[in-house]
>>> print(open('run-v7.txt').read())   # compact mmCIF, C-alpha atoms
# COMPACT_ATOMS: atom_id res chain seq x y z
CA MET R 6 -13.54 47.82 -20.29
CA GLU R 7 -10.18 49.37 -21.10
CA GLN R 8 -8.07 50.38 -18.10
CA ALA R 9 -6.80 53.91 -17.64
CA GLU R 10 -3.05 54.32 -17.64
CA VAL R 11 -1.62 55.46 -14.30
CA ALA R 12 -3.07 56.54 -10.95
CA VAL R 13 -1.00 58.22 -8.25
CA ILE R 14 -2.25 57.66 -4.71
CA ALA R 15 -0.90 59.97 -2.00
CA VAL R 16 -0.99 58.76 1.61
CA PRO R 17 0.19 61.46 4.08
CA LEU R 18 0.93 61.38 7.80
CA ALA R 19 -1.56 63.17 10.05
CA ALA R 20 0.56 66.22 10.94
CA GLN R 21 0.33 69.62 9.28
CA GLY R 22 3.93 69.79 8.05
CA HIS R 23 3.54 66.38 6.43
CA LEU R 24 0.05 67.03 5.06
CA ASN R 25 1.11 70.32 3.52
CA GLN R 26 4.21 68.92 1.82
CA MET R 27 2.26 65.97 0.45
CA MET R 28 -0.34 68.39 -0.88
CA HIS R 29 2.36 70.39 -2.69
CA LEU R 30 3.80 67.21 -4.19
CA SER R 31 0.32 66.02 -5.22
CA CYS R 32 -0.43 69.30 -7.00
CA LEU R 33 2.95 69.18 -8.71
CA ILE R 34 2.29 65.65 -10.00
CA ALA R 35 -1.26 66.56 -11.04
CA SER R 36 0.09 69.50 -13.06
CA TYR R 37 1.54 66.92 -15.48
CA GLY R 38 -1.92 65.56 -16.22
CA LEU R 39 -1.77 62.49 -13.98
CA PRO R 40 -4.79 61.63 -11.81
CA VAL R 41 -3.88 62.03 -8.13
CA PHE R 42 -5.92 60.61 -5.24
CA PHE R 43 -5.28 61.98 -1.74
CA VAL R 44 -6.14 59.30 0.83
CA GLY R 45 -6.63 59.88 4.56
CA SER R 46 -9.15 60.42 7.31
CA ALA R 47 -11.93 62.90 6.60
CA LEU R 48 -10.60 65.11 9.41
CA HIS R 49 -7.09 65.36 8.01
CA ASN R 50 -8.19 65.65 4.40
CA ARG R 51 -10.25 68.67 5.42
CA GLN R 52 -7.25 70.08 7.25
CA ALA R 53 -5.01 69.60 4.23
CA LYS R 54 -7.45 71.54 2.05
CA ALA R 55 -8.22 74.26 4.58
CA ARG R 56 -4.62 75.08 5.44
CA ILE R 57 -2.93 75.11 2.06
CA ASN R 58 -0.32 77.78 1.49
CA GLY R 59 1.19 78.92 -1.76
CA LEU R 60 -1.45 76.98 -3.70
CA SER R 61 -4.64 78.28 -5.26
CA PRO R 62 -8.03 76.61 -4.70
CA GLN R 63 -8.09 75.93 -8.44
CA GLN R 64 -5.06 73.66 -8.11
CA LEU R 65 -6.94 71.53 -5.57
CA LEU R 66 -9.58 70.81 -8.20
CA ASN R 67 -7.02 68.51 -9.83
CA ILE R 68 -6.82 66.36 -6.68
CA GLN R 69 -9.43 63.74 -5.81
CA PHE R 70 -9.82 63.23 -2.05
CA HIS R 71 -10.78 59.85 -0.63
CA ASP R 72 -11.92 59.83 3.02
CA ILE R 73 -11.40 56.75 5.17
CA ILE R 74 -13.17 56.29 8.50
CA THR R 75 -10.77 56.46 11.44
CA PRO R 76 -11.61 55.22 14.95
CA PRO R 77 -11.91 57.88 17.67
CA PHE R 78 -8.68 58.85 19.40
CA ALA R 79 -7.62 60.99 22.34
CA SER R 80 -6.67 64.60 21.68
CA PRO R 81 -4.38 65.84 24.47
CA ALA R 82 -3.35 69.46 24.59
CA PRO R 83 0.28 70.33 23.85
CA ASP R 84 2.37 71.00 26.96
CA PRO R 85 4.42 74.18 26.51
CA ASN R 86 6.32 73.44 29.73
CA SER R 87 7.48 69.98 28.73
CA PRO R 88 11.29 69.70 28.66
CA ASN R 89 10.96 67.56 25.52
CA LYS R 90 9.61 69.51 22.54
CA PHE R 91 8.71 66.44 20.49
CA PRO R 92 4.98 66.72 19.59
CA ALA R 93 3.83 63.81 21.73
CA GLN R 94 0.29 65.23 21.66
CA LEU R 95 0.03 63.96 18.08
CA HIS R 96 0.91 60.39 19.00
CA PRO R 97 -2.73 59.25 19.56
CA ALA R 98 -3.62 60.40 16.04
CA TRP R 99 -0.62 58.60 14.55
CA ALA R 100 -1.49 55.43 16.46
CA ALA R 101 -5.07 55.63 15.18
CA MET R 102 -3.78 55.93 11.61
CA LEU R 103 -2.37 52.38 11.87
CA ASN R 104 -5.98 51.17 11.73
CA LEU R 105 -6.17 52.39 8.14
CA ARG R 106 -4.11 49.47 6.82
CA HIS R 107 -7.00 47.21 5.78
CA PRO R 108 -9.32 49.89 4.32
CA VAL R 109 -6.36 51.37 2.43
CA ALA R 110 -5.43 47.90 1.13
CA ALA R 111 -9.00 47.38 -0.10
CA TYR R 112 -8.93 50.78 -1.81
CA LEU R 113 -5.60 50.03 -3.51
CA ARG R 114 -6.84 46.67 -4.81
CA ASP R 115 -9.94 48.33 -6.21
CA MET R 116 -7.86 51.04 -7.91
CA ALA R 117 -5.56 48.38 -9.35
CA THR R 118 -8.52 46.98 -11.31
CA LYS R 119 -9.26 50.39 -12.83
CA PHE R 120 -5.74 51.48 -13.79
CA ARG R 121 -2.97 49.72 -15.63
CA ARG R 122 -0.47 50.94 -13.04
CA VAL R 123 -0.94 52.27 -9.50
CA VAL R 124 1.82 54.33 -7.93
CA VAL R 125 1.54 54.91 -4.18
CA VAL R 126 3.45 57.86 -2.76
CA HIS R 127 3.31 57.58 1.01
CA ASP R 128 4.82 59.40 3.93
CA SER R 129 7.76 57.42 5.25
CA MET R 130 5.87 57.13 8.55
CA MET R 131 2.85 55.55 6.84
CA ALA R 132 4.70 52.51 5.49
CA PHE R 133 2.80 50.13 7.77
CA VAL R 134 -0.50 51.39 6.39
CA VAL R 135 0.38 50.90 2.70
CA GLN R 136 2.45 47.71 3.03
CA ASP R 137 -0.11 45.59 1.14
CA VAL R 138 0.83 47.37 -2.08
CA ALA R 139 3.63 44.80 -2.31
CA SER R 140 1.03 42.09 -2.96
CA ILE R 141 -0.64 43.94 -5.85
CA PRO R 142 1.14 43.04 -9.13
CA ASN R 143 0.56 46.30 -11.01
CA SER R 144 1.37 48.58 -8.06
CA GLU R 145 4.49 50.02 -6.48
CA SER R 146 5.24 52.43 -3.66
CA TYR R 147 7.62 55.31 -3.05
CA ALA R 148 8.36 56.85 0.35
CA PHE R 149 8.07 60.63 0.60
CA ASN R 150 10.48 61.98 3.20
CA THR R 151 9.57 65.39 4.59
CA SER R 152 12.44 66.05 6.98
CA SER R 153 15.98 67.18 6.23
CA ALA R 154 18.59 64.89 4.68
CA PHE R 155 20.64 65.20 7.87
CA THR R 156 17.69 63.95 9.96
CA GLN R 157 17.09 61.07 7.54
CA VAL R 158 20.76 60.11 7.61
CA TYR R 159 20.82 60.08 11.39
CA PHE R 160 17.86 57.70 11.77
CA ILE R 161 18.84 55.42 8.89
CA TRP R 162 22.47 55.35 10.03
CA ASN R 163 21.41 54.33 13.54
CA SER R 164 19.03 51.65 12.25
CA LEU R 165 21.88 50.17 10.20
CA GLY R 166 24.12 49.99 13.26
CA LYS R 167 26.32 53.01 12.38
CA PRO R 168 28.24 51.15 9.64
CA PHE R 169 30.36 54.14 8.58
CA PRO R 170 31.34 57.52 10.06
CA VAL R 171 28.97 60.45 9.60
CA GLU R 172 29.89 63.99 10.58
CA HIS R 173 27.56 65.64 13.10
CA PRO R 174 27.71 69.43 12.66
CA LYS R 175 28.77 71.08 15.91
CA GLU R 176 25.97 73.64 15.48
CA LEU R 177 23.30 70.95 15.94
CA LEU R 178 22.26 69.33 19.20
CA PRO R 179 22.51 65.52 19.43
CA PHE R 180 19.40 63.54 18.52
CA GLU R 181 19.56 61.20 21.49
CA GLY R 182 16.52 61.45 23.73
CA ILE R 183 14.42 63.75 21.56
CA ILE R 184 11.78 61.10 20.74
CA PRO R 185 9.83 59.62 23.69
CA ASP R 186 10.21 55.84 24.01
CA GLU R 187 6.53 55.08 23.35
CA VAL R 188 6.61 57.14 20.14
CA ALA R 189 9.87 55.56 19.00
CA HIS R 190 8.32 52.14 19.52
CA SER R 191 5.29 53.05 17.42
CA PHE R 192 7.57 54.29 14.64
CA SER R 193 9.38 50.94 14.64
CA VAL R 194 6.35 49.22 13.06
CA HIS R 195 7.16 51.05 9.81
CA LEU R 196 10.73 49.75 9.46
CA GLU R 197 10.03 46.37 7.82
CA PRO R 198 7.23 47.69 5.55
CA LEU R 199 9.63 50.42 4.36
CA SER R 200 11.75 47.72 2.78
CA TYR R 201 8.93 47.12 0.24
CA ARG R 202 9.26 50.56 -1.35
CA ALA R 203 10.66 51.01 -4.85
CA GLY R 204 12.34 54.32 -4.10
CA ASP R 205 12.57 57.49 -2.04
CA ILE R 206 11.51 61.08 -2.71
CA TYR R 207 13.15 63.75 -0.58
CA ASN R 208 11.74 67.26 -0.28
CA ILE R 209 15.22 68.71 0.11
CA CYS R 210 17.69 70.78 -1.86
CA ARG R 211 20.88 69.06 -2.96
CA SER R 212 22.85 72.32 -3.08
CA ILE R 213 22.19 72.83 0.65
CA GLU R 214 22.48 69.26 1.92
CA ALA R 215 24.80 67.66 -0.62
CA PRO R 216 27.00 65.82 1.96
CA TYR R 217 23.99 64.08 3.48
CA MET R 218 22.37 63.35 0.13
CA GLU R 219 25.61 61.58 -0.80
CA VAL R 220 25.21 59.40 2.32
CA LEU R 221 21.60 58.58 1.38
CA GLU R 222 22.78 57.60 -2.09
CA ARG R 223 25.32 55.10 -0.78
CA GLU R 224 24.49 51.56 -1.83
CA GLU R 225 24.41 50.27 1.76
CA VAL R 226 21.69 52.85 2.51
CA ARG R 227 19.47 52.88 -0.57
CA GLY R 228 20.18 49.38 -1.89
CA ASN R 229 18.90 49.15 -5.46
CA ARG R 230 16.13 51.70 -4.93
CA LYS R 231 15.66 54.87 -6.92
CA ILE R 232 16.18 58.16 -5.12
CA TRP R 233 15.23 61.76 -5.94
CA ALA R 234 15.84 65.12 -4.25
CA THR R 235 12.92 67.17 -5.55
CA GLY R 236 12.78 70.10 -3.12
CA PRO R 237 12.33 72.46 -1.77
CA MET R 238 8.78 72.58 -3.13
CA LEU R 239 7.93 76.24 -2.62
CA PRO R 240 5.20 77.22 -5.07
CA THR R 241 5.11 80.86 -6.03
CA LEU R 242 1.90 82.76 -5.46
CA SER R 243 -0.25 82.82 -8.56
CA SER R 244 -2.21 85.78 -9.86
CA SER R 245 -5.48 84.45 -8.51
CA ALA R 246 -7.67 86.80 -6.50
CA SER R 247 -7.10 84.88 -3.25
CA ASN R 248 -3.34 84.94 -3.65
CA GLN R 249 -3.37 88.60 -4.63
CA THR R 250 -5.16 89.27 -1.36
CA GLU R 251 -2.54 87.24 0.49
CA ARG R 252 0.20 89.20 -1.24
CA GLU R 253 -1.39 92.44 -0.02
CA HIS R 254 -1.11 91.30 3.59
CA LYS R 255 0.65 93.86 5.81
CA CYS R 256 3.52 91.47 6.46
CA PHE R 257 4.31 91.29 2.75
CA GLN R 258 3.93 95.03 2.34
CA TRP R 259 6.36 95.65 5.19
CA LEU R 260 8.76 92.95 3.99
CA ASP R 261 8.87 94.36 0.46
CA LYS R 262 10.21 97.64 1.87
CA GLN R 263 13.19 96.02 3.58
CA GLU R 264 16.68 95.58 2.17
CA GLN R 265 17.69 92.19 0.79
CA LYS R 266 18.76 89.66 3.45
CA SER R 267 17.97 92.08 6.28
CA VAL R 268 15.05 90.26 7.97
CA ILE R 269 15.09 87.13 10.15
CA TYR R 270 12.06 84.83 9.95
CA VAL R 271 11.32 83.00 13.21
CA SER R 272 8.92 80.07 13.41
CA PHE R 273 8.82 76.76 15.24
CA GLY R 274 6.17 75.28 12.99
CA THR R 275 2.89 73.67 13.94
CA THR R 276 4.03 71.05 16.47
CA VAL R 277 5.96 73.01 19.11
CA SER R 278 4.58 75.06 22.01
CA LEU R 279 6.98 77.36 23.84
CA SER R 280 6.75 78.14 27.53
CA ASP R 281 6.29 81.75 28.64
CA GLU R 282 9.90 81.80 29.83
CA GLN R 283 11.15 80.62 26.43
CA ILE R 284 8.99 83.15 24.61
CA ASN R 285 10.33 85.98 26.73
CA GLU R 286 13.94 84.88 26.32
CA LEU R 287 13.53 84.65 22.57
CA ALA R 288 11.80 88.02 22.42
CA HIS R 289 14.53 89.72 24.41
CA GLY R 290 17.22 88.08 22.32
CA LEU R 291 15.63 89.21 19.08
CA GLU R 292 15.16 92.72 20.35
CA ARG R 293 18.75 93.00 21.55
CA SER R 294 20.03 91.68 18.22
CA LYS R 295 18.92 94.93 16.58
CA VAL R 296 17.97 92.87 13.52
CA LYS R 297 14.56 93.19 11.89
CA PHE R 298 12.50 90.06 12.22
CA LEU R 299 9.17 88.51 11.40
CA TRP R 300 8.01 86.15 14.14
CA VAL R 301 5.13 83.68 13.83
CA LEU R 302 4.04 82.60 17.30
CA ARG R 303 1.33 80.04 17.92
CA ASP R 304 0.51 77.04 20.07
CA ALA R 305 1.12 73.63 18.62
CA ASP R 306 -1.64 71.74 16.86
CA LYS R 307 -3.76 69.54 19.07
CA ASP R 308 -3.71 66.18 17.33
CA SER R 309 -3.71 67.98 13.98
CA THR R 310 -7.19 69.34 14.53
CA ARG R 311 -8.51 72.88 14.16
CA PRO R 312 -5.60 75.34 14.33
CA GLU R 313 -7.66 78.03 16.03
CA MET R 314 -7.91 75.77 19.07
CA GLY R 315 -4.18 76.12 19.55
CA MET R 316 -3.88 79.86 19.99
CA ARG R 317 -2.37 81.60 22.97
CA GLU R 318 -2.64 85.30 23.75
CA PHE R 319 0.65 87.11 23.45
CA ARG R 320 1.15 90.82 24.04
CA ASN R 321 3.91 93.34 24.52
CA LEU R 322 6.81 90.89 24.50
CA VAL R 323 8.88 93.20 22.36
CA GLY R 324 8.27 96.48 24.10
CA ASP R 325 6.39 98.97 21.98
CA LYS R 326 7.07 97.19 18.67
CA GLU R 327 4.01 96.96 16.49
CA ALA R 328 2.02 93.74 16.22
CA LEU R 329 1.49 93.46 12.51
CA ASP R 330 -1.39 91.08 12.51
CA HIS R 331 -3.61 88.99 14.71
CA ARG R 332 -5.67 86.39 12.89
CA PRO R 333 -7.52 84.19 15.41
CA GLU R 334 -8.79 81.89 12.67
CA MET R 335 -5.20 80.91 11.90
CA GLY R 336 -4.20 80.60 15.55
CA MET R 337 -1.10 82.75 15.18
CA ARG R 338 0.33 86.20 15.73
CA GLU R 339 2.97 87.77 13.56
CA PHE R 340 5.41 90.27 14.93
CA GLN R 341 8.08 92.42 13.41
CA ASN R 342 10.88 94.41 14.94
CA SER R 343 11.11 97.77 13.26
CA VAL R 344 14.40 98.88 14.77
CA GLY R 345 15.59 101.74 12.62
CA ASP R 346 12.38 101.74 10.57
CA LYS R 347 9.66 103.75 12.27
CA GLU R 348 7.39 103.55 9.20
CA ALA R 349 6.82 99.79 9.47
>>> encode(input="run-v7.txt", output="structure tokens")
Amino acid sequence: MEQAEVAVIAVPLAAQGHLNQMMHLSCLIASYGLPVFFVGSALHNRQAKARINGLSPQQLLNIQFHDIITPPFASPAPDPNSPNKFPAQLHPAWAAMLNLRHPVAAYLRDMATKFRRVVVVHDSMMAFVVQDVASIPNSESYAFNTSSAFTQVYFIWNSLGKPFPVEHPKELLPFEGIIPDEVAHSFSVHLEPLSYRAGDIYNICRSIEAPYMEVLEREEVRGNRKIWATGPMLPTLSSSASNQTEREHKCFQWLDKQEQKSVIYVSFGTTVSLSDEQINELAHGLERSKVKFLWVLRDADKDSTRPEMGMREFRNLVGDKEALDHRPEMGMREFQNSVGDKEA
């Protein structure tokens, strides 16, 4: 039986920001006619499909999802009052993902018999899971890095023993102490397997982070590996009915009426929960700024499970400003400050 040409196997980390970026990359690769297989737990594959943004359901038809059984794991609630905002509540899920190594290895070996070449694109924090690709002759792996070039430089630079000076922008807080020790230790298991990769893909924009991309491209950092800056991957909304509906959302309608570069977007993503004190301080600061803003406020994901479980009621933090939308199924509330615009 003649083998097919190339298969691309995507292996994401179990966290929404990582799942979503890997989904965007997978759809981009599939748009060139290559078969793409999205590999993860059934729970997180469902999450990746259910929480897509900027992609149409039709684009997902080009992706083949492969579910792997994952052992049960604890699911602690995020602590909005923790002094450390690192999403430690996701650590049990990440630790459970390490058990996927052997079933993923079996899947890769099977795929290698069906395709002439197997290309594994894995989250940089899933290197331990895909490390057996190095033992499959017709396979190779590439690490997909979802954080900023500056963040990547900091961690790589430290792991190399700080071999050369790197400027730390005064606007940014130091990285020391942001990752709990137990999480940092679990991340360390990926360091040696990362050395097996053939190259790196960065979802970053060179025009914004050129100085740090230049550091990543230094020979002592990348070795003889290939490196690409492919981002930011921000798909435009298509003309599909679902995306037309999304475009008609009140937030978009309000935003389209504003002057260029006049609105601040505020969001702390899917992994951070703010305390009531922090929410109030931020609300007062935004209101006093007299700048129009769109604020997405939500609790952090609970071990990357259903987003609606992470919603917290939030009312009247910006005086009498209108709450544009409240969608419990998304676990978020969007606010806008209509200072000087009473029609919003």
>>> atom_distance(input="run-v7.txt", atom1="atom CA of R:Glu197", atom2="atom CA of R:Trp233")
21.3 Å
>>> atom_distance(input="run-v7.txt", atom1="atom CA of R:Gly38", atom2="atom CA of R:Ile14")
14.0 Å
>>> closest_residue(input="run-v7.txt", among="R:Pro170, R:Val271, R:Ala305, R:Arg211", to="R:Ala288", atoms="all atoms listed in the file")
R:Val271
>>> residues_around(input="run-v7.txt", residues="R:Ser146", least_positions_apart="4", cutoff="6 Å", atoms="all atoms listed in the file", output="list in words")
Val124, Val125, Val126, Arg202 and Ala203 of chain R
>>> closest_residue(input="run-v7.txt", among="R:Ser280, R:Asn208, R:Thr156, R:Asn89", to="R:Ile232", atoms="only C-alpha atoms")
R:Asn208
>>> residues_around(input="run-v7.txt", residues="R:Glu10", least_positions_apart="3", cutoff="9 Å", atoms="only C-alpha atoms", output="NGL selection string")
:R and (119-123)
